[in-house]
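Source file start_26.tsv; content: TSV, C-alpha atoms.
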```
chain	number	residue	atom	x	y	z
N	30	MET	CA	-9.86	18.07	-50.05
N	31	ARG	CA	-6.43	16.75	-50.93
N	32	TRP	CA	-5.73	14.38	-53.80
N	33	GLU	CA	-5.31	11.57	-51.27
N	34	ASP	CA	-8.79	12.29	-49.87
N	35	LEU	CA	-10.56	11.55	-53.15
N	36	PRO	CA	-12.11	8.07	-53.35
N	37	ALA	CA	-9.85	5.50	-54.99
N	38	GLU	CA	-12.33	5.01	-57.85
N	39	VAL	CA	-12.12	8.71	-58.68
N	40	ARG	CA	-8.32	8.79	-58.58
N	41	ASP	CA	-8.17	5.66	-60.75
N	42	ALA	CA	-10.57	7.18	-63.30
N	43	ILE	CA	-8.46	10.35	-63.49
N	44	ARG	CA	-5.27	8.30	-63.97
N	45	LEU	CA	-6.89	6.54	-66.93
N	46	ARG	CA	-7.12	9.93	-68.65
N	47	ILE	CA	-3.87	11.64	-67.67
N	48	GLY	CA	-1.54	8.91	-66.45
N	49	THR	CA	0.28	8.83	-63.14
N	50	VAL	CA	-0.33	11.93	-61.01
N	51	THR	CA	3.06	13.10	-59.77
N	52	ALA	CA	1.95	16.17	-57.80
N	53	SER	CA	-1.24	17.89	-56.66
N	54	GLU	CA	-1.22	21.59	-55.78
N	55	PRO	CA	-4.42	22.75	-54.02
N	56	VAL	CA	-6.13	25.81	-55.51
N	57	THR	CA	-7.91	28.01	-53.00
N	58	GLY	CA	-10.48	30.73	-53.59
N	59	GLY	CA	-13.40	28.72	-54.98
N	60	VAL	CA	-16.25	27.55	-52.77
N	61	ASN	CA	-18.41	25.41	-55.05
N	62	SER	CA	-16.31	22.27	-55.56
N	63	ASP	CA	-15.22	19.59	-53.11
N	64	PHE	CA	-11.78	19.39	-54.75
N	65	THR	CA	-9.79	21.92	-56.79
N	66	ALA	CA	-6.14	21.45	-57.65
N	67	ALA	CA	-3.47	21.73	-60.30
N	68	LEU	CA	-2.47	18.17	-61.16
N	69	ASP	CA	0.94	17.30	-62.63
N	70	SER	CA	0.81	14.09	-64.57
N	71	ALA	CA	2.44	11.98	-67.23
N	72	HIS	CA	0.42	13.90	-69.84
N	73	GLY	CA	1.05	17.41	-68.52
N	74	ARG	CA	-0.50	19.80	-66.05
N	75	PHE	CA	-4.27	20.20	-65.64
N	76	PHE	CA	-6.59	22.29	-63.50
N	77	CYS	CA	-9.03	19.89	-61.91
N	78	LYS	CA	-12.41	20.48	-60.25
N	79	ALA	CA	-14.44	17.70	-58.67
N	80	THR	CA	-17.62	17.42	-56.66
N	81	ARG	CA	-19.87	14.70	-55.31
N	82	ALA	CA	-22.75	13.97	-57.67
N	83	GLY	CA	-25.24	14.50	-54.86
N	84	SER	CA	-23.80	17.85	-53.78
N	85	ARG	CA	-26.03	20.92	-53.94
N	86	THR	CA	-23.44	22.51	-56.25
N	87	ALA	CA	-23.00	19.57	-58.64
N	88	TRP	CA	-25.29	21.30	-61.16
N	89	MET	CA	-22.66	24.03	-61.51
N	90	LEU	CA	-20.04	21.58	-62.81
N	91	ARG	CA	-22.65	20.05	-65.11
N	92	ASN	CA	-23.39	23.54	-66.40
N	93	GLU	CA	-19.69	24.04	-67.17
N	94	LEU	CA	-19.57	20.67	-68.88
N	95	ALA	CA	-22.50	21.70	-71.11
N	96	VAL	CA	-21.15	25.10	-72.17
N	97	HIS	CA	-17.41	24.48	-72.57
N	98	PRO	CA	-17.56	22.80	-76.00
N	99	HIS	CA	-19.06	26.04	-77.31
N	100	LEU	CA	-16.58	28.50	-75.77
N	101	PRO	CA	-13.81	30.24	-77.75
N	102	ASP	CA	-10.21	29.87	-76.58
N	103	VAL	CA	-10.52	32.91	-74.33
N	104	ALA	CA	-11.75	30.25	-71.90
N	105	PRO	CA	-9.30	27.48	-70.94
N	106	ALA	CA	-10.08	24.28	-72.83
N	107	LEU	CA	-11.91	21.43	-71.13
N	108	HIS	CA	-9.68	18.44	-72.00
N	109	TRP	CA	-11.46	15.61	-70.20
N	110	HIS	CA	-14.10	14.75	-67.65
N	111	VAL	CA	-14.96	11.82	-65.39
N	112	ASP	CA	-18.43	10.82	-64.24
N	113	THR	CA	-18.33	7.83	-61.90
N	114	GLY	CA	-21.97	8.15	-60.92
N	115	ASN	CA	-20.94	9.32	-57.47
N	116	TRP	CA	-18.43	12.01	-58.53
N	117	LEU	CA	-18.11	14.46	-61.40
N	118	VAL	CA	-14.59	15.64	-62.33
N	119	LEU	CA	-13.57	18.23	-64.92
N	120	GLY	CA	-10.01	18.55	-66.23
N	121	PHE	CA	-9.11	21.89	-67.82
N	122	GLU	CA	-6.12	23.36	-69.60
N	123	HIS	CA	-3.85	24.79	-66.92
N	124	VAL	CA	-3.24	28.52	-67.46
N	125	ASP	CA	-0.18	30.17	-65.93
N	126	GLY	CA	-1.19	33.68	-65.03
N	127	ARG	CA	-2.08	36.15	-62.33
N	128	HIS	CA	-5.40	37.65	-61.34
N	129	PRO	CA	-5.94	41.18	-62.68
N	130	HIS	CA	-6.02	44.47	-60.84
N	131	PHE	CA	-9.28	46.40	-61.16
N	132	SER	CA	-8.14	49.58	-59.40
N	133	PRO	CA	-8.20	52.94	-61.24
N	134	GLY	CA	-5.30	53.27	-63.66
N	135	SER	CA	-4.72	49.52	-63.95
N	136	PRO	CA	-3.47	48.46	-67.41
N	137	ASP	CA	-5.49	45.25	-67.06
N	138	ILE	CA	-8.90	46.87	-67.51
N	139	VAL	CA	-8.87	47.71	-71.23
N	140	PRO	CA	-7.69	44.22	-72.35
N	141	ILE	CA	-10.35	42.60	-70.17
N	142	ALA	CA	-13.09	44.82	-71.61
N	143	GLU	CA	-11.91	43.92	-75.12
N	144	VAL	CA	-11.95	40.19	-74.34
N	145	VAL	CA	-15.46	40.40	-72.87
N	146	GLY	CA	-16.62	42.15	-76.05
N	147	GLU	CA	-14.96	39.41	-78.12
N	148	LEU	CA	-16.73	36.73	-76.11
N	149	HIS	CA	-20.13	38.33	-76.57
N	150	GLY	CA	-19.57	38.62	-80.31
N	151	LYS	CA	-18.69	34.94	-80.63
N	152	LEU	CA	-21.39	33.71	-78.25
N	153	THR	CA	-24.33	35.41	-79.96
N	154	PRO	CA	-26.62	33.70	-80.80
N	155	CYS	CA	-26.28	31.51	-77.72
N	156	PRO	CA	-24.69	28.23	-78.89
N	157	ALA	CA	-25.42	26.16	-75.76
N	158	LYS	CA	-28.56	24.96	-74.04
N	159	VAL	CA	-28.50	26.92	-70.78
N	160	ALA	CA	-31.06	28.47	-68.48
N	161	SER	CA	-32.33	32.00	-68.97
N	162	PHE	CA	-30.60	34.56	-66.75
N	163	ALA	CA	-33.81	36.58	-66.45
N	164	GLU	CA	-35.80	33.55	-65.35
N	165	HIS	CA	-33.16	32.69	-62.77
N	166	TRP	CA	-33.38	36.16	-61.21
N	167	ARG	CA	-37.15	36.26	-61.62
N	168	GLN	CA	-37.39	33.28	-59.26
N	169	LEU	CA	-35.47	35.32	-56.70
N	170	SER	CA	-37.34	38.65	-57.21
N	171	ALA	CA	-35.16	40.24	-54.56
N	172	TRP	CA	-37.06	43.50	-54.13
N	173	GLN	CA	-40.27	41.57	-53.43
N	174	ARG	CA	-38.48	39.92	-50.48
N	175	ILE	CA	-37.04	43.08	-48.94
N	176	ALA	CA	-39.25	44.72	-46.30
N	177	PRO	CA	-39.34	48.54	-46.10
N	178	ASP	CA	-38.46	48.41	-42.39
N	179	ASP	CA	-35.17	46.66	-43.18
N	180	VAL	CA	-33.63	49.38	-45.37
N	181	ASP	CA	-32.25	52.91	-45.11
N	182	PRO	CA	-34.56	55.96	-45.57
N	183	TRP	CA	-33.51	56.68	-49.17
N	184	THR	CA	-34.16	53.10	-50.25
N	185	ARG	CA	-37.42	52.97	-48.28
N	186	GLY	CA	-38.66	56.03	-50.14
N	187	HIS	CA	-38.09	54.31	-53.50
N	188	ILE	CA	-38.92	50.70	-52.71
N	189	ASP	CA	-42.27	50.57	-54.54
N	190	ARG	CA	-40.61	52.09	-57.61
N	191	PHE	CA	-37.71	49.63	-57.30
N	192	ARG	CA	-40.07	46.67	-57.28
N	193	GLU	CA	-41.61	47.84	-60.53
N	194	MET	CA	-38.19	48.57	-62.05
N	195	GLU	CA	-37.02	45.07	-61.15
N	196	ARG	CA	-39.92	43.53	-63.06
N	197	LYS	CA	-39.07	45.66	-66.08
N	198	ALA	CA	-35.33	44.84	-65.77
N	199	LEU	CA	-35.96	41.14	-66.09
N	200	GLU	CA	-38.02	41.67	-69.23
N	201	LEU	CA	-35.18	43.75	-70.70
N	202	ALA	CA	-32.54	41.14	-69.74
N	203	GLU	CA	-34.05	38.44	-71.97
N	204	GLY	CA	-31.62	37.88	-74.83
N	205	ASP	CA	-29.63	35.37	-76.85
N	206	THR	CA	-26.02	35.77	-75.75
N	207	LEU	CA	-24.20	33.12	-73.72
N	208	LEU	CA	-23.20	35.02	-70.57
N	209	HIS	CA	-20.60	34.35	-67.90
N	210	THR	CA	-22.55	36.30	-65.19
N	211	ASP	CA	-19.74	36.16	-62.61
N	212	LEU	CA	-17.01	38.45	-63.91
N	213	HIS	CA	-14.63	39.47	-61.13
N	214	PRO	CA	-10.84	39.31	-60.67
N	215	LEU	CA	-10.74	35.73	-59.37
N	216	ASN	CA	-12.42	34.54	-62.58
N	217	VAL	CA	-9.89	36.15	-64.92
N	218	LEU	CA	-6.26	35.15	-65.45
N	219	MET	CA	-3.79	37.54	-67.12
N	220	SER	CA	-1.58	35.39	-69.33
N	221	ASP	CA	-0.55	36.19	-72.91
N	222	ARG	CA	-4.03	37.76	-72.89
N	223	PRO	CA	-6.91	37.70	-70.41
N	224	ARG	CA	-8.48	34.26	-69.99
N	225	VAL	CA	-11.97	33.99	-68.52
N	226	VAL	CA	-12.42	30.98	-66.20
N	227	ASP	CA	-15.18	29.36	-64.13
N	228	TRP	CA	-18.30	29.25	-66.30
N	229	ALA	CA	-20.40	27.54	-63.63
N	230	TRP	CA	-23.00	30.34	-63.63
N	231	ALA	CA	-23.33	30.58	-67.44
N	232	ARG	CA	-26.75	31.80	-68.53
N	233	ARG	CA	-28.51	33.18	-71.63
N	234	GLY	CA	-29.46	36.85	-71.86
N	235	GLN	CA	-28.46	40.35	-72.95
N	236	ALA	CA	-24.72	41.04	-73.25
N	237	TRP	CA	-24.99	44.08	-70.97
N	238	VAL	CA	-25.76	41.76	-68.05
N	239	ASP	CA	-22.06	40.82	-67.95
N	240	LEU	CA	-21.09	44.49	-68.31
N	241	ALA	CA	-23.21	45.32	-65.26
N	242	PHE	CA	-21.38	42.82	-63.08
N	243	LEU	CA	-18.03	44.03	-64.40
N	244	HIS	CA	-19.04	47.64	-63.68
N	245	LEU	CA	-19.97	46.74	-60.10
N	246	ARG	CA	-16.59	45.08	-59.49
N	247	LEU	CA	-14.76	48.09	-60.93
N	248	MET	CA	-16.64	50.36	-58.53
N	249	LEU	CA	-15.74	48.01	-55.68
N	250	ALA	CA	-12.07	48.50	-56.65
N	251	GLY	CA	-12.37	52.29	-56.45
N	252	HIS	CA	-13.84	53.52	-59.73
N	253	GLU	CA	-16.59	56.12	-59.83
N	254	PRO	CA	-19.89	55.09	-61.43
N	255	TYR	CA	-20.11	55.90	-65.11
N	256	ASP	CA	-22.89	55.80	-67.69
N	257	ASP	CA	-22.99	52.79	-69.98
N	258	GLU	CA	-25.52	50.70	-71.88
N	259	VAL	CA	-26.82	48.95	-68.75
N	260	PRO	CA	-30.45	50.07	-68.22
N	261	ASP	CA	-31.32	51.92	-65.02
N	262	GLU	CA	-33.84	49.21	-64.23
N	263	PHE	CA	-31.13	46.57	-64.17
N	264	VAL	CA	-28.86	48.69	-61.97
N	265	VAL	CA	-31.73	48.79	-59.48
N	266	ALA	CA	-32.22	45.01	-59.81
N	267	VAL	CA	-28.53	44.43	-59.09
N	268	TYR	CA	-28.81	46.59	-55.97
N	269	GLY	CA	-31.77	44.52	-54.80
N	270	VAL	CA	-29.98	41.19	-55.23
N	271	TRP	CA	-26.87	42.31	-53.35
N	272	LEU	CA	-28.94	43.94	-50.61
N	273	HIS	CA	-30.89	40.69	-50.25
N	274	ASN	CA	-27.60	38.74	-50.12
N	275	ALA	CA	-26.19	41.08	-47.46
N	276	ARG	CA	-29.27	40.49	-45.30
N	277	ARG	CA	-28.52	36.77	-45.56
N	278	GLY	CA	-24.96	37.21	-44.29
N	279	LYS	CA	-23.00	37.73	-47.51
N	280	PRO	CA	-20.46	40.58	-47.86
N	281	ARG	CA	-22.02	43.99	-47.31
N	282	ARG	CA	-19.55	45.95	-49.46
N	283	LEU	CA	-21.13	44.92	-52.76
N	284	ALA	CA	-24.56	46.00	-51.51
N	285	ASP	CA	-23.14	49.40	-50.51
N	286	VAL	CA	-21.47	49.85	-53.90
N	287	ALA	CA	-24.64	48.79	-55.73
N	288	ARG	CA	-26.64	51.32	-53.68
N	289	ARG	CA	-24.24	54.08	-54.71
N	290	TRP	CA	-24.58	53.04	-58.35
N	291	ALA	CA	-28.38	53.06	-58.06
N	292	ARG	CA	-28.34	56.54	-56.50
N	293	HIS	CA	-26.12	57.75	-59.33
N	294	ARG	CA	-28.61	56.43	-61.87
N	295	VAL	CA	-32.03	57.19	-60.36
N	296	GLY	CA	-31.27	60.05	-57.93
```
This structure in structure tokens:
Amino acid sequence: MRWEDLPAEVRDAIRLRIGTVTASEPVTGGVNSDFTAALDSAHGRFFCKATRAGSRTAWMLRNELAVHPHLPDVAPALHWHVDTGNWLVLGFEHVDGRHPHFSPGSPDIVPIAEVVGELHGKLTPCPAKVASFAEHWRQLSAWQRIAPDDVDPWTRGHIDRFREMERKALELAEGDTLLHTDLHPLNVLMSDRPRVVDWAWARRGQAWVDLAFLHLRLMLAGHEPYDDEVPDEFVVAVYGVWLHNARRGKPRRLADVARRWARHRVG
């Protein structure tokens, strides 16, 4: 949506917080908000996300609204929000920066890893009331939904073991760190230092959950699998979720990478 497409009551409510809006630059790449744009106003520039209150993704903006007061300044500040009853709008600090490169040899990787470690240190114990990551994935139980006839021979030969490993993984993932759970290049901006954005999927669990998702994205960018603190059981659980997603029409490449990671770990 464009700025002009927002209901007048929403635009008026935003103007009450930031003054006259002089320009609106659409931001592409996200799929969970009805409106995303950089707004220039009498009080500066803001990154704005908005969604209808009845949208199936409105809970994601409410999740961000709940966690942002507890986040360190690695995350852009949430300066204001609007809740008209029909629309929810969040106004964030606008960060000038580029998305990082995850390919082998990139100088972006070490600073990002350091920032993620800093976040986990500051967000343990979990300071916000958010859902459990393990419970969220337990409701999915991806390997229980995948039929042996729908997978390759190697996976078929291990599927009973994978179902048991998935159950164990979700027990291990219970923890007390506030997690991002969606670390990939579009959710990081390289500015004076890496800034981690889009906390819509924030959950509570073990810190290595975030490391697992970061590891998967690094492999997608060309890195070889490497051993880290992520348990084998969780590597298998990640493979199951992305395989399940691929069978529902989502990108296949992540499922293929997760399969390679699982083979590296469990043989």
Discussion item. My list of candidates is N:Arg85, N:His97, N:Arg277, N:Arg196. Which is closest to Leu119 in chain N when distances are computed with only C-alpha atoms?
Written reply: N:His97
List every protein, DNA or RNA residue that has at least one atom no more than 9 Å from (-11.0, 17.4, -54.6) in the file's coordinates, counting only C-alpha atoms, and write the result as a PDB file with C-alpha atoms, in the coordinates of the input.
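For reference, point06.pdb as written:
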```pdb
ATOM      1  CA  MET N  30      -9.860  18.070 -50.050  1.00  0.00           C
ATOM      2  CA  ARG N  31      -6.430  16.750 -50.930  1.00  0.00           C
ATOM      3  CA  TRP N  32      -5.730  14.380 -53.800  1.00  0.00           C
ATOM      4  CA  GLU N  33      -5.310  11.570 -51.270  1.00  0.00           C
ATOM      5  CA  ASP N  34      -8.790  12.290 -49.870  1.00  0.00           C
ATOM      6  CA  LEU N  35     -10.560  11.550 -53.150  1.00  0.00           C
ATOM      7  CA  PRO N  55      -4.420  22.750 -54.020  1.00  0.00           C
ATOM      8  CA  SER N  62     -16.310  22.270 -55.560  1.00  0.00           C
ATOM      9  CA  ASP N  63     -15.220  19.590 -53.110  1.00  0.00           C
ATOM     10  CA  PHE N  64     -11.780  19.390 -54.750  1.00  0.00           C
ATOM     11  CA  THR N  65      -9.790  21.920 -56.790  1.00  0.00           C
ATOM     12  CA  ALA N  66      -6.140  21.450 -57.650  1.00  0.00           C
ATOM     13  CA  CYS N  77      -9.030  19.890 -61.910  1.00  0.00           C
ATOM     14  CA  LYS N  78     -12.410  20.480 -60.250  1.00  0.00           C
ATOM     15  CA  ALA N  79     -14.440  17.700 -58.670  1.00  0.00           C
ATOM     16  CA  THR N  80     -17.620  17.420 -56.660  1.00  0.00           C
ATOM     17  CA  VAL N 118     -14.590  15.640 -62.330  1.00  0.00           C
TER      18      VAL N 118
END
```
Practice prompt. Identify, on the basis of only C-alpha atoms, every residue whose closest approach to Trp230 in chain N does not exceed 7 Å; exclude the query and any residue fewer than 2 positions from it along the same chain; express the result as number ranges by chain.
Written response: N: 89, 209-211, 228, 232
Discussion item. Using all atoms listed in the file, can you tell me which of N:Ala52, N:Leu94, N:Ile188, N:Met219 comes closest to Pro136 in chain N?
Written reply: N:Met219
Worksheet item: Using only C-alpha atoms, which residues sit within 9 Å of Trp166 in chain N once same-chain residues fewer than 5 positions away are excluded, as a list of chain:residue names?
Response: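 Counting only C-alpha atoms, the residues come to N:Ser161, N:Ala171, N:Leu199, N:Val270.
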Discussion item. One number please: CA of Arg233 in chain N to CA of Asp205 in chain N, in Å, one decimal.
Written reply: 5.8 Å
Item to complete: With a distance cut-off of 6 Å and only C-alpha atoms, select the neighbouring residues of Ala104 in chain N, excluding the residue or stretch itself and same-chain residues fewer than 6 positions from it, and output the selection as a list in words.
Response: Arg224, Val225 and Val226 of chain N
Fill in: Exercise: Val96 in chain N partners within 9 Å, only C-alpha atoms, chain neighbours under 6 positions left out, as a PyMOL selection string
chain N and resi 156-159+207+228-229+231
Could you save the residues just selected, with C-alpha atoms, as a CSV table (one decimal), in the frame of the given file?
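Saved as part_26.csv:
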```csv
chain,number,residue,atom,x,y,z
N,156,PRO,CA,-24.7,28.2,-78.9
N,157,ALA,CA,-25.4,26.2,-75.8
N,158,LYS,CA,-28.6,25.0,-74.0
N,159,VAL,CA,-28.5,26.9,-70.8
N,207,LEU,CA,-24.2,33.1,-73.7
N,228,TRP,CA,-18.3,29.2,-66.3
N,229,ALA,CA,-20.4,27.5,-63.6
N,231,ALA,CA,-23.3,30.6,-67.4
```
Tell me which residues come within 7 Å of (-33.6, 41.3, -68.7), as a compact mmCIF listing (two decimals) with C-alpha atoms, keeping the file's coordinate frame, counting only C-alpha atoms in the file's coordinates.
```txt
# COMPACT_ATOMS: atom_id res chain seq x y z
CA ALA N 163 -33.81 36.58 -66.45
CA ALA N 198 -35.33 44.84 -65.77
CA LEU N 199 -35.96 41.14 -66.09
CA GLU N 200 -38.02 41.67 -69.23
CA LEU N 201 -35.18 43.75 -70.70
CA ALA N 202 -32.54 41.14 -69.74
CA GLU N 203 -34.05 38.44 -71.97
CA GLY N 234 -29.46 36.85 -71.86
CA GLN N 235 -28.46 40.35 -72.95
```
Response to the item:
Nearest to Leu243 in chain N, restricted to all atoms listed in the file and choosing among N:Pro214, N:Gly296, N:Pro133, N:Gly114, comes out as N:Pro214
Complete the atoms of range 207-221 of chain N to N, CA, C and O atoms and put them out as a PDB file, in the coordinates of the input.
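Output (out-v7.pdb):
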```pdb
ATOM      1  N   LEU N 207     -24.677  33.966 -74.803  1.00  0.00           N
ATOM      2  CA  LEU N 207     -24.200  33.120 -73.720  1.00  0.00           C
ATOM      3  C   LEU N 207     -23.363  33.986 -72.785  1.00  0.00           C
ATOM      4  O   LEU N 207     -22.331  34.531 -73.186  1.00  0.00           O
ATOM      5  N   LEU N 208     -23.810  34.127 -71.552  1.00  0.00           N
ATOM      6  CA  LEU N 208     -23.200  35.020 -70.570  1.00  0.00           C
ATOM      7  C   LEU N 208     -22.381  34.252 -69.555  1.00  0.00           C
ATOM      8  O   LEU N 208     -22.688  33.101 -69.227  1.00  0.00           O
ATOM      9  N   HIS N 209     -21.369  34.913 -69.001  1.00  0.00           N
ATOM     10  CA  HIS N 209     -20.600  34.350 -67.900  1.00  0.00           C
ATOM     11  C   HIS N 209     -21.321  34.594 -66.575  1.00  0.00           C
ATOM     12  O   HIS N 209     -21.445  33.694 -65.759  1.00  0.00           O
ATOM     13  N   THR N 210     -21.763  35.796 -66.335  1.00  0.00           N
ATOM     14  CA  THR N 210     -22.550  36.300 -65.190  1.00  0.00           C
ATOM     15  C   THR N 210     -21.791  36.342 -63.859  1.00  0.00           C
ATOM     16  O   THR N 210     -22.397  36.643 -62.829  1.00  0.00           O
ATOM     17  N   ASP N 211     -20.495  36.104 -63.869  1.00  0.00           N
ATOM     18  CA  ASP N 211     -19.740  36.160 -62.610  1.00  0.00           C
ATOM     19  C   ASP N 211     -18.348  36.729 -62.848  1.00  0.00           C
ATOM     20  O   ASP N 211     -17.340  36.175 -62.401  1.00  0.00           O
ATOM     21  N   LEU N 212     -18.295  37.855 -63.563  1.00  0.00           N
ATOM     22  CA  LEU N 212     -17.010  38.450 -63.910  1.00  0.00           C
ATOM     23  C   LEU N 212     -16.450  39.243 -62.740  1.00  0.00           C
ATOM     24  O   LEU N 212     -16.993  40.277 -62.349  1.00  0.00           O
ATOM     25  N   HIS N 213     -15.375  38.752 -62.174  1.00  0.00           N
ATOM     26  CA  HIS N 213     -14.630  39.470 -61.130  1.00  0.00           C
ATOM     27  C   HIS N 213     -13.176  38.973 -61.194  1.00  0.00           C
ATOM     28  O   HIS N 213     -12.870  38.024 -61.913  1.00  0.00           O
ATOM     29  N   PRO N 214     -12.264  39.623 -60.478  1.00  0.00           N
ATOM     30  CA  PRO N 214     -10.840  39.310 -60.670  1.00  0.00           C
ATOM     31  C   PRO N 214     -10.457  37.855 -60.480  1.00  0.00           C
ATOM     32  O   PRO N 214      -9.549  37.366 -61.162  1.00  0.00           O
ATOM     33  N   LEU N 215     -11.118  37.123 -59.589  1.00  0.00           N
ATOM     34  CA  LEU N 215     -10.740  35.730 -59.370  1.00  0.00           C
ATOM     35  C   LEU N 215     -11.127  34.839 -60.552  1.00  0.00           C
ATOM     36  O   LEU N 215     -10.644  33.716 -60.655  1.00  0.00           O
ATOM     37  N   ASN N 216     -12.001  35.338 -61.427  1.00  0.00           N
ATOM     38  CA  ASN N 216     -12.420  34.540 -62.580  1.00  0.00           C
ATOM     39  C   ASN N 216     -11.764  34.986 -63.876  1.00  0.00           C
ATOM     40  O   ASN N 216     -12.244  34.640 -64.974  1.00  0.00           O
ATOM     41  N   VAL N 217     -10.681  35.749 -63.766  1.00  0.00           N
ATOM     42  CA  VAL N 217      -9.890  36.150 -64.920  1.00  0.00           C
ATOM     43  C   VAL N 217      -8.420  35.879 -64.608  1.00  0.00           C
ATOM     44  O   VAL N 217      -7.958  36.134 -63.490  1.00  0.00           O
ATOM     45  N   LEU N 218      -7.697  35.348 -65.574  1.00  0.00           N
ATOM     46  CA  LEU N 218      -6.260  35.150 -65.450  1.00  0.00           C
ATOM     47  C   LEU N 218      -5.564  35.944 -66.541  1.00  0.00           C
ATOM     48  O   LEU N 218      -5.920  35.842 -67.718  1.00  0.00           O
ATOM     49  N   MET N 219      -4.565  36.759 -66.148  1.00  0.00           N
ATOM     50  CA  MET N 219      -3.790  37.540 -67.120  1.00  0.00           C
ATOM     51  C   MET N 219      -2.605  36.684 -67.539  1.00  0.00           C
ATOM     52  O   MET N 219      -1.665  36.453 -66.772  1.00  0.00           O
ATOM     53  N   SER N 220      -2.658  36.195 -68.761  1.00  0.00           N
ATOM     54  CA  SER N 220      -1.580  35.390 -69.330  1.00  0.00           C
ATOM     55  C   SER N 220      -1.047  36.132 -70.548  1.00  0.00           C
ATOM     56  O   SER N 220      -0.777  37.320 -70.477  1.00  0.00           O
ATOM     57  N   ASP N 221      -0.902  35.467 -71.691  1.00  0.00           N
ATOM     58  CA  ASP N 221      -0.550  36.190 -72.910  1.00  0.00           C
ATOM     59  C   ASP N 221      -1.666  37.165 -73.272  1.00  0.00           C
ATOM     60  O   ASP N 221      -1.464  38.153 -73.968  1.00  0.00           O
TER      61      ASP N 221
END
```
